[in-house]
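Peer 1: Sending over target_7.cif (mmCIF, C-alpha atoms).
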```cif
data_data
loop_
_atom_site.group_PDB
_atom_site.id
_atom_site.type_symbol
_atom_site.label_atom_id
_atom_site.label_comp_id
_atom_site.auth_asym_id
_atom_site.auth_seq_id
_atom_site.Cartn_x
_atom_site.Cartn_y
_atom_site.Cartn_z
ATOM 1 C CA MET A 18 0.000 0.000 0.000
ATOM 2 C CA LYS A 19 1.328 3.421 -0.952
ATOM 3 C CA THR A 20 1.767 6.083 1.692
ATOM 4 C CA LEU A 21 -0.102 9.368 1.315
ATOM 5 C CA PHE A 22 3.089 11.136 0.239
ATOM 6 C CA GLU A 23 3.724 8.544 -2.473
ATOM 7 C CA GLU A 24 0.178 9.124 -3.735
ATOM 8 C CA ILE A 25 0.814 12.878 -3.806
ATOM 9 C CA LYS A 26 4.033 12.468 -5.796
ATOM 10 C CA ALA A 27 2.319 10.126 -8.257
ATOM 11 C CA SER A 28 -0.543 12.583 -8.751
ATOM 12 C CA ILE A 29 1.869 15.467 -9.371
ATOM 13 C CA LYS A 30 3.838 13.359 -11.850
ATOM 14 C CA ASN A 31 0.669 12.557 -13.784
ATOM 15 C CA ASN A 32 -0.478 16.187 -13.939
ATOM 16 C CA TYR A 33 0.408 18.572 -16.724
ATOM 17 C CA ASP A 34 3.714 20.362 -16.220
ATOM 18 C CA GLN A 35 2.102 23.781 -15.776
ATOM 19 C CA ASP A 36 -0.095 22.483 -12.950
ATOM 20 C CA ARG A 37 2.526 20.671 -10.894
ATOM 21 C CA SER A 38 3.804 23.554 -8.780
ATOM 22 C CA PHE A 39 0.255 24.530 -7.753
ATOM 23 C CA TRP A 40 -1.142 21.082 -6.911
ATOM 24 C CA ARG A 41 -1.425 20.457 -3.201
ATOM 25 C CA PRO A 42 -4.250 18.654 -1.399
ATOM 26 C CA VAL A 43 -5.748 19.501 1.960
ATOM 27 C CA LEU A 44 -7.175 17.165 4.555
ATOM 28 C CA PRO A 45 -10.892 16.368 4.254
ATOM 29 C CA TRP A 46 -13.148 18.682 6.246
ATOM 30 C CA GLY A 47 -14.305 17.577 9.708
ATOM 31 C CA GLY A 48 -14.022 14.034 10.995
ATOM 32 C CA VAL A 49 -15.621 11.478 13.303
ATOM 33 C CA PHE A 50 -13.551 9.420 15.732
ATOM 34 C CA THR A 51 -15.277 6.390 17.279
ATOM 35 C CA ILE A 52 -14.160 5.413 20.764
ATOM 36 C CA LYS A 53 -13.834 1.690 21.422
ATOM 37 C CA ALA A 54 -14.847 1.710 25.061
ATOM 38 C CA GLY A 55 -14.691 -1.269 27.410
ATOM 39 C CA ARG A 56 -16.916 -2.048 30.391
ATOM 40 C CA LYS A 57 -15.133 0.408 32.664
ATOM 41 C CA ALA A 58 -16.155 3.280 30.380
ATOM 42 C CA VAL A 59 -19.708 3.066 31.777
ATOM 43 C CA SER A 60 -18.516 4.783 34.940
ATOM 44 C CA CYS A 61 -17.100 7.752 33.034
ATOM 45 C CA THR A 62 -18.947 11.103 33.249
ATOM 46 C CA PRO A 63 -19.849 12.543 30.804
ATOM 47 C CA LEU A 64 -20.166 9.434 28.654
ATOM 48 C CA TYR A 65 -19.582 9.732 24.904
ATOM 49 C CA VAL A 66 -18.641 7.127 22.327
ATOM 50 C CA GLU A 67 -17.542 9.326 19.440
ATOM 51 C CA ILE A 68 -15.770 12.630 18.797
ATOM 52 C CA ASN A 69 -17.169 14.855 16.056
ATOM 53 C CA LEU A 70 -14.845 17.514 14.572
ATOM 54 C CA LYS A 71 -16.305 20.653 12.940
ATOM 55 C CA ASN A 72 -14.828 23.589 10.986
ATOM 56 C CA THR A 73 -11.411 21.948 10.706
ATOM 57 C CA CYS A 74 -10.487 24.068 7.666
ATOM 58 C CA THR A 75 -8.432 26.237 10.040
ATOM 59 C CA ILE A 76 -5.932 23.377 10.475
ATOM 60 C CA ASP A 77 -6.530 21.124 7.443
ATOM 61 C CA GLY A 78 -4.341 23.021 4.985
ATOM 62 C CA PHE A 79 -1.377 23.491 7.276
ATOM 63 C CA LEU A 80 -1.394 19.921 8.596
ATOM 64 C CA MET A 81 -1.050 18.712 5.016
ATOM 65 C CA LEU A 82 1.605 21.355 4.406
ATOM 66 C CA LEU A 83 3.506 20.206 7.494
ATOM 67 C CA TYR A 84 3.330 16.631 6.217
ATOM 68 C CA VAL A 85 4.738 17.559 2.786
ATOM 69 C CA ILE A 86 7.498 19.655 4.387
ATOM 70 C CA LEU A 87 8.587 16.759 6.594
ATOM 71 C CA HIS A 88 8.819 14.448 3.597
ATOM 72 C CA GLU A 89 10.487 16.778 1.102
ATOM 73 C CA ASN A 90 13.659 17.293 3.108
ATOM 74 C CA GLU A 91 15.375 14.559 5.096
ATOM 75 C CA HIS A 92 16.643 17.059 7.679
ATOM 76 C CA PHE A 93 13.224 18.543 8.557
ATOM 77 C CA PRO A 94 12.005 15.715 10.848
ATOM 78 C CA ARG A 95 15.123 16.081 13.004
ATOM 79 C CA GLU A 96 14.949 19.895 13.052
ATOM 80 C CA LEU A 97 11.226 20.041 13.776
ATOM 81 C CA SER A 98 11.618 17.463 16.542
ATOM 82 C CA LEU A 99 13.567 20.085 18.499
ATOM 83 C CA HIS A 100 10.462 22.316 18.508
ATOM 84 C CA LEU A 101 7.536 19.877 18.319
ATOM 85 C CA GLY A 102 9.004 16.812 20.029
ATOM 86 C CA ARG A 103 10.282 13.603 18.446
ATOM 87 C CA GLU A 104 7.319 11.544 19.631
ATOM 88 C CA PHE A 105 4.855 13.983 18.052
ATOM 89 C CA VAL A 106 6.694 14.045 14.702
ATOM 90 C CA ASP A 107 6.944 10.227 14.534
ATOM 91 C CA CYS A 108 3.272 9.764 15.454
ATOM 92 C CA PHE A 109 2.181 12.521 13.061
ATOM 93 C CA LEU A 110 4.015 10.960 10.108
ATOM 94 C CA TYR A 111 2.722 7.472 10.908
ATOM 95 C CA LEU A 112 -0.902 8.641 11.078
ATOM 96 C CA MET A 113 -0.634 10.678 7.873
ATOM 97 C CA ASP A 114 1.056 7.831 6.013
ATOM 98 C CA SER A 115 -1.814 5.598 7.168
ATOM 99 C CA TYR A 116 -4.539 8.051 6.058
ATOM 100 C CA ASN A 117 -5.812 8.415 9.662
ATOM 101 C CA PHE A 118 -6.801 12.038 9.095
ATOM 102 C CA THR A 119 -9.251 12.405 11.984
ATOM 103 C CA THR A 120 -6.734 10.932 14.427
ATOM 104 C CA VAL A 121 -3.970 13.250 13.221
ATOM 105 C CA LYS A 122 -6.271 16.242 13.765
ATOM 106 C CA LEU A 123 -6.953 15.085 17.310
ATOM 107 C CA LEU A 124 -3.202 14.681 17.821
ATOM 108 C CA TRP A 125 -2.683 18.326 16.864
ATOM 109 C CA ILE A 126 -5.651 19.554 18.942
ATOM 110 C CA TRP A 127 -4.715 17.751 22.156
ATOM 111 C CA ASP A 128 -0.926 17.913 21.861
ATOM 112 C CA LYS A 129 -0.366 21.428 20.462
ATOM 113 C CA MET A 130 -3.505 23.494 21.023
ATOM 114 C CA GLU A 131 -4.672 25.016 24.285
ATOM 115 C CA LYS A 132 -8.163 24.346 25.619
ATOM 116 C CA GLY A 133 -9.211 27.956 25.065
ATOM 117 C CA GLN A 134 -8.409 27.776 21.341
ATOM 118 C CA TYR A 135 -11.479 25.680 20.492
ATOM 119 C CA LYS A 136 -15.005 24.984 21.718
ATOM 120 C CA SER A 137 -16.135 21.571 22.881
ATOM 121 C CA GLU A 138 -19.580 20.333 23.968
ATOM 122 C CA VAL A 139 -21.134 16.968 24.688
ATOM 123 C CA HIS A 140 -24.268 16.192 22.667
ATOM 124 C CA LYS A 141 -25.874 12.941 23.800
ATOM 125 C CA ALA A 142 -23.162 10.341 23.138
ATOM 126 C CA SER A 143 -20.904 12.599 21.061
ATOM 127 C CA LEU A 144 -18.179 15.081 22.006
ATOM 128 C CA GLU A 145 -18.263 17.936 19.493
ATOM 129 C CA ILE A 146 -15.075 19.948 18.951
ATOM 130 C CA ASP A 147 -15.527 23.139 16.909
ATOM 131 C CA LEU A 148 -12.389 24.712 15.401
ATOM 132 C CA PHE A 149 -14.153 27.753 13.944
ATOM 133 C CA GLY A 150 -11.679 30.648 13.843
ATOM 134 C CA ASN A 151 -8.625 31.391 11.734
ATOM 135 C CA GLU A 152 -5.429 29.621 10.762
ATOM 136 C CA HIS A 153 -3.182 31.782 12.907
ATOM 137 C CA ASP A 154 -5.086 31.149 16.133
ATOM 138 C CA ASN A 155 -5.470 27.417 15.520
ATOM 139 C CA PHE A 156 -2.170 26.576 13.856
ATOM 140 C CA THR A 157 0.664 29.071 13.450
ATOM 141 C CA LYS A 158 0.181 30.545 16.933
ATOM 142 C CA ASN A 159 1.269 27.162 18.266
ATOM 143 C CA LEU A 160 4.540 27.414 16.337
ATOM 144 C CA GLU A 161 5.747 30.600 18.008
ATOM 145 C CA SER A 162 9.004 28.940 19.068
ATOM 146 C CA LEU A 163 9.814 28.618 15.357
ATOM 147 C CA MET A 164 8.696 32.118 14.296
ATOM 148 C CA PHE A 165 10.087 34.172 17.203
ATOM 149 C CA THR A 166 12.239 37.024 15.798
ATOM 150 C CA ILE A 167 14.123 39.959 17.279
ATOM 151 C CA GLN A 168 15.569 43.208 15.899
ATOM 152 C CA GLU A 169 17.674 45.758 17.792
ATOM 153 C CA SER A 170 18.020 49.463 16.987
ATOM 154 C CA TYR A 171 20.311 52.258 18.164
ATOM 155 C CA CYS A 172 19.782 56.018 17.877
ATOM 156 C CA SER A 173 22.745 58.255 16.970
ATOM 157 C CA ASN A 174 21.529 60.905 19.434
ATOM 158 C CA TRP A 175 23.062 60.253 22.873
ATOM 159 C CA ARG A 176 20.222 62.234 24.483
ATOM 160 C CA CYS A 177 17.465 60.112 22.940
ATOM 161 C CA PRO A 178 15.363 58.772 25.873
ATOM 162 C CA THR A 179 14.978 55.396 24.122
ATOM 163 C CA ARG A 180 18.381 55.215 22.442
ATOM 164 C CA MET A 181 18.476 51.429 22.476
ATOM 165 C CA GLN A 182 15.353 49.518 21.508
ATOM 166 C CA GLU A 183 14.506 45.878 20.986
ATOM 167 C CA ASP A 184 11.567 44.698 18.867
ATOM 168 C CA GLN A 185 10.381 41.126 19.382
ATOM 169 C CA GLN A 186 7.739 39.409 17.254
ATOM 170 C CA ARG A 187 6.209 36.009 17.876
ATOM 171 C CA THR A 188 4.543 36.015 14.455
ATOM 172 C CA VAL A 189 6.166 37.034 11.175
ATOM 173 C CA ILE A 190 3.766 39.735 9.968
ATOM 174 C CA ILE A 191 4.553 41.032 6.476
ATOM 175 C CA ASN A 192 2.825 44.310 5.594
ATOM 176 C CA PRO A 193 2.689 45.808 2.063
ATOM 177 C CA PRO A 194 5.435 48.402 1.370
ATOM 178 C CA GLN A 195 4.346 51.996 1.946
ATOM 179 C CA GLU A 196 5.584 52.895 -1.532
ATOM 180 C CA ILE A 197 5.130 50.654 -4.565
ATOM 181 C CA PRO A 198 8.687 49.607 -5.493
ATOM 182 C CA HIS A 199 10.175 48.514 -8.769
ATOM 183 C CA GLY A 200 10.625 44.772 -8.974
ATOM 184 C CA ASP A 201 9.384 42.181 -6.512
ATOM 185 C CA LEU A 202 6.739 43.642 -4.191
ATOM 186 C CA ILE A 203 6.771 40.727 -1.734
ATOM 187 C CA GLN A 204 10.580 40.591 -1.509
ATOM 188 C CA ARG A 205 10.654 44.335 -0.769
ATOM 189 C CA ALA A 206 8.116 43.852 2.023
ATOM 190 C CA VAL A 207 10.217 41.035 3.484
ATOM 191 C CA ASP A 208 13.335 43.212 3.276
ATOM 192 C CA GLU A 209 11.592 46.011 5.219
ATOM 193 C CA LEU A 210 10.981 43.619 8.097
ATOM 194 C CA PHE A 211 14.204 41.589 8.132
ATOM 195 C CA CYS A 212 17.028 43.676 6.661
ATOM 196 C CA SER A 213 19.154 46.282 8.408
ATOM 197 C CA LYS A 214 18.278 49.915 7.703
ATOM 198 C CA ILE A 215 18.721 53.513 8.883
ATOM 199 C CA GLU A 216 15.735 55.800 9.471
ATOM 200 C CA LEU A 217 14.922 59.036 11.263
ATOM 201 C CA CYS A 218 14.246 58.387 14.929
ATOM 202 C CA GLU A 219 10.528 58.626 15.660
ATOM 203 C CA GLN A 220 10.997 59.488 19.343
ATOM 204 C CA TYR A 221 9.328 62.847 20.084
ATOM 205 C CA GLY A 222 11.850 65.713 20.022
ATOM 206 C CA CYS A 223 14.708 63.511 18.776
ATOM 207 C CA THR A 224 16.560 64.491 15.598
ATOM 208 C CA GLY A 225 18.908 61.510 15.456
ATOM 209 C CA LEU A 226 19.158 58.626 13.045
ATOM 210 C CA ARG A 227 18.079 55.175 14.188
ATOM 211 C CA GLU A 228 20.050 52.211 12.887
ATOM 212 C CA PHE A 229 18.208 48.869 12.802
ATOM 213 C CA THR A 230 20.166 45.631 12.840
ATOM 214 C CA GLN A 231 19.088 42.651 10.769
ATOM 215 C CA ARG A 232 16.069 40.846 12.249
ATOM 216 C CA VAL A 233 17.015 37.319 13.255
ATOM 217 C CA PHE A 234 15.179 34.209 14.437
ATOM 218 C CA CYS A 235 15.741 33.835 18.162
ATOM 219 C CA HIS A 236 16.117 30.052 18.035
ATOM 220 C CA GLY A 237 18.090 29.863 14.800
ATOM 221 C CA ALA A 238 16.855 29.626 11.225
ATOM 222 C CA PRO A 239 13.697 27.482 11.257
ATOM 223 C CA PRO A 240 13.035 24.675 8.762
ATOM 224 C CA PHE A 241 10.093 26.700 7.433
ATOM 225 C CA VAL A 242 8.478 30.095 7.985
ATOM 226 C CA VAL A 243 4.841 31.156 8.022
ATOM 227 C CA PHE A 244 4.131 34.736 6.938
ATOM 228 C CA ASN A 245 0.963 36.494 8.100
ATOM 229 C CA MET A 246 -0.054 38.645 5.101
ATOM 230 C CA GLN A 247 -3.572 39.530 6.165
ATOM 231 C CA GLN A 248 -3.176 43.203 5.213
ATOM 232 C CA TRP A 249 -2.489 42.475 1.529
ATOM 233 C CA LYS A 250 -4.997 42.928 -1.288
ATOM 234 C CA PRO A 251 -5.493 40.135 -3.850
ATOM 235 C CA GLU A 252 -4.189 42.317 -6.711
ATOM 236 C CA GLU A 253 -0.953 42.919 -4.782
ATOM 237 C CA LEU A 254 -0.290 39.175 -4.824
ATOM 238 C CA ALA A 255 -0.743 38.710 -8.568
ATOM 239 C CA TYR A 256 2.912 37.674 -8.776
ATOM 240 C CA VAL A 257 4.274 35.275 -6.143
ATOM 241 C CA PRO A 258 8.029 34.511 -6.259
ATOM 242 C CA TYR A 259 9.346 30.992 -5.874
ATOM 243 C CA HIS A 260 12.193 32.102 -3.590
ATOM 244 C CA LEU A 261 12.467 34.737 -0.864
ATOM 245 C CA ASP A 262 15.600 35.946 0.882
ATOM 246 C CA VAL A 263 15.197 36.886 4.565
ATOM 247 C CA SER A 264 18.777 38.019 5.077
ATOM 248 C CA ASP A 265 20.914 40.897 3.837
ATOM 249 C CA HIS A 266 24.138 38.926 4.368
ATOM 250 C CA LYS A 267 25.063 36.785 1.408
ATOM 251 C CA GLY A 268 27.072 33.654 1.857
ATOM 252 C CA GLN A 269 27.177 31.336 4.840
ATOM 253 C CA ASP A 270 24.542 33.173 6.903
ATOM 254 C CA GLU A 271 22.141 33.639 4.013
ATOM 255 C CA GLN A 272 18.580 32.448 4.674
ATOM 256 C CA VAL A 273 16.602 31.695 1.524
ATOM 257 C CA PHE A 274 13.145 30.111 1.575
ATOM 258 C CA SER A 275 10.914 28.843 -1.216
ATOM 259 C CA PHE A 276 7.172 29.399 -1.408
ATOM 260 C CA LEU A 277 5.146 26.242 -0.914
ATOM 261 C CA LEU A 278 1.611 27.409 -0.195
ATOM 262 C CA MET A 279 -0.506 30.534 0.106
ATOM 263 C CA THR A 280 -4.034 30.246 1.470
ATOM 264 C CA PRO A 281 -6.784 32.538 0.139
ATOM 265 C CA PHE A 282 -8.153 35.692 1.664
ATOM 266 C CA GLU A 283 -11.338 35.563 3.652
ATOM 267 C CA MET A 284 -14.336 35.208 1.366
ATOM 268 C CA PRO A 285 -17.991 35.783 2.396
ATOM 269 C CA GLU A 286 -18.922 32.271 1.289
ATOM 270 C CA ASN A 287 -16.222 30.649 3.449
ATOM 271 C CA ARG A 288 -17.479 29.021 6.626
ATOM 272 C CA CYS A 289 -14.293 29.806 8.498
ATOM 273 C CA HIS A 290 -12.380 33.063 8.771
ATOM 274 C CA VAL A 291 -9.058 32.396 7.054
ATOM 275 C CA PRO A 292 -6.573 35.272 6.820
ATOM 276 C CA CYS A 293 -3.966 35.152 4.084
ATOM 277 C CA GLN A 294 -0.948 33.169 5.181
ATOM 278 C CA SER A 295 2.152 32.186 3.250
ATOM 279 C CA SER A 296 4.336 29.233 4.091
ATOM 280 C CA LEU A 297 7.977 28.956 3.160
ATOM 281 C CA PHE A 298 10.408 26.088 3.439
#
```
Could you show the structure in this file as structure tokens?
Peer 2:
Amino acid sequence: MKTLFEEIKASIKNNYDQDRSFWRPVLPWGGVFTIKAGRKAVSCTPLYVEINLKNTCTIDGFLMLLYVILHENEHFPRELSLHLGREFVDCFLYLMDSYNFTTVKLLWIWDKMEKGQYKSEVHKASLEIDLFGNEHDNFTKNLESLMFTIQESYCSNWRCPTRMQEDQQRTVIINPPQEIPHGDLIQRAVDELFCSKIELCEQYGCTGLREFTQRVFCHGAPPFVVFNMQQWKPEELAYVPYHLDVSDHKGQDEQVFSFLLMTPFEMPENRCHVPCQSSLF
């Protein structure tokens, strides 16, 4: 029996060349997990014999993306194990390879999500878990150890009351450039966040220049990055590059990522609120 990843590769191979780079599946919506309870389960309160998952679109796309990432590079399972745990990665891959999609969703919910991130109610003999929300709250927020970045800045004015500043971000938020640049719009936006720069100090009454160091990942370069691009308009994303550079130092310290997936903007007909997110590996 082929694993899910082998099926994906076969499907891509059989597609037309122009469609290959855009073909990626997502997990099926929802899911029902039946509990095989023994006699002792009768004493449990409340009693339920199945778990019903609703509005799982907020995790379906990224769970499949995580699965593809782990398979496409032999180093990713080891690197991600440092952040997610070796047991989780091994179990996740086994369940995905075995097409146990509902079980893998429960693994993510109970192992990586906090209780307050979803709603759960017992209806008769069924536990209903509702994941209505957005992808950041239900998925990327739980990867903050991967996305944590820091940037320091220093003002040239010795009298500046906040001469030294430190900006920390737990989510990589990419906003559109204030001015439309020539060339790659998305790369310019990434440069504004990550690259070193010199600007006028915005502290009231200060006339100095503030120098920003390069923004770096606090726990080292991650195996993949998720960009929150909720502020972008669809027409601004007409062209999506295959590679993005998140470093202004070429050579050994250079960090280059390739686009793998971009989810759509929120649409009125969507059942779940899904902000635009981009994933890089």
Peer 1: Quick one: distance from CA of Cys172 in chain A to CA of Gln231 in chain A in Å, one decimal?
Peer 2: 15.2 Å
Peer 1: Carefully work through the PyMOL selection byres ((chain A and resi 127-136) around 10) for this structure and note down the residues it includes, as a PyMOL selection string.
Peer 2: chain A and resi 71+101+105+122-126+137-138+145-150+154-156+158-160
Peer 1: Quick check on the file I pasted: which residues fall under the PyMOL selection byres ((chain A and resi 185-187) around 12)? Write them as a count of residues only.
Peer 2: 33
Peer 1: Can you work out which one of A:His100, A:Lys53, A:Lys141, A:His260 has the shortest atom-to-atom distance to Ile203 in chain A, counting only C-alpha atoms?
Peer 2: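 The answer is A:His260, which sits nearest to Ile203 in chain A.
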Peer 1: Which of these, A:Ala206, A:Cys218, A:Leu87, A:Met113, has the shortest distance to Met181 in chain A once you count all atoms listed in the file?
Peer 2: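 Closest to Met181 in chain A, using all atoms listed in the file: A:Cys218.
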Peer 1: Using all atoms listed in the file, pick whichever of A:Thr20, A:Trp249, A:Pro178, A:Pro45 has the shortest atom-to-atom distance to Gly222 in chain A.
Peer 2: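 Between A:Thr20, A:Trp249, A:Pro178, A:Pro45, the residue approaching Gly222 in chain A most closely is A:Pro178.
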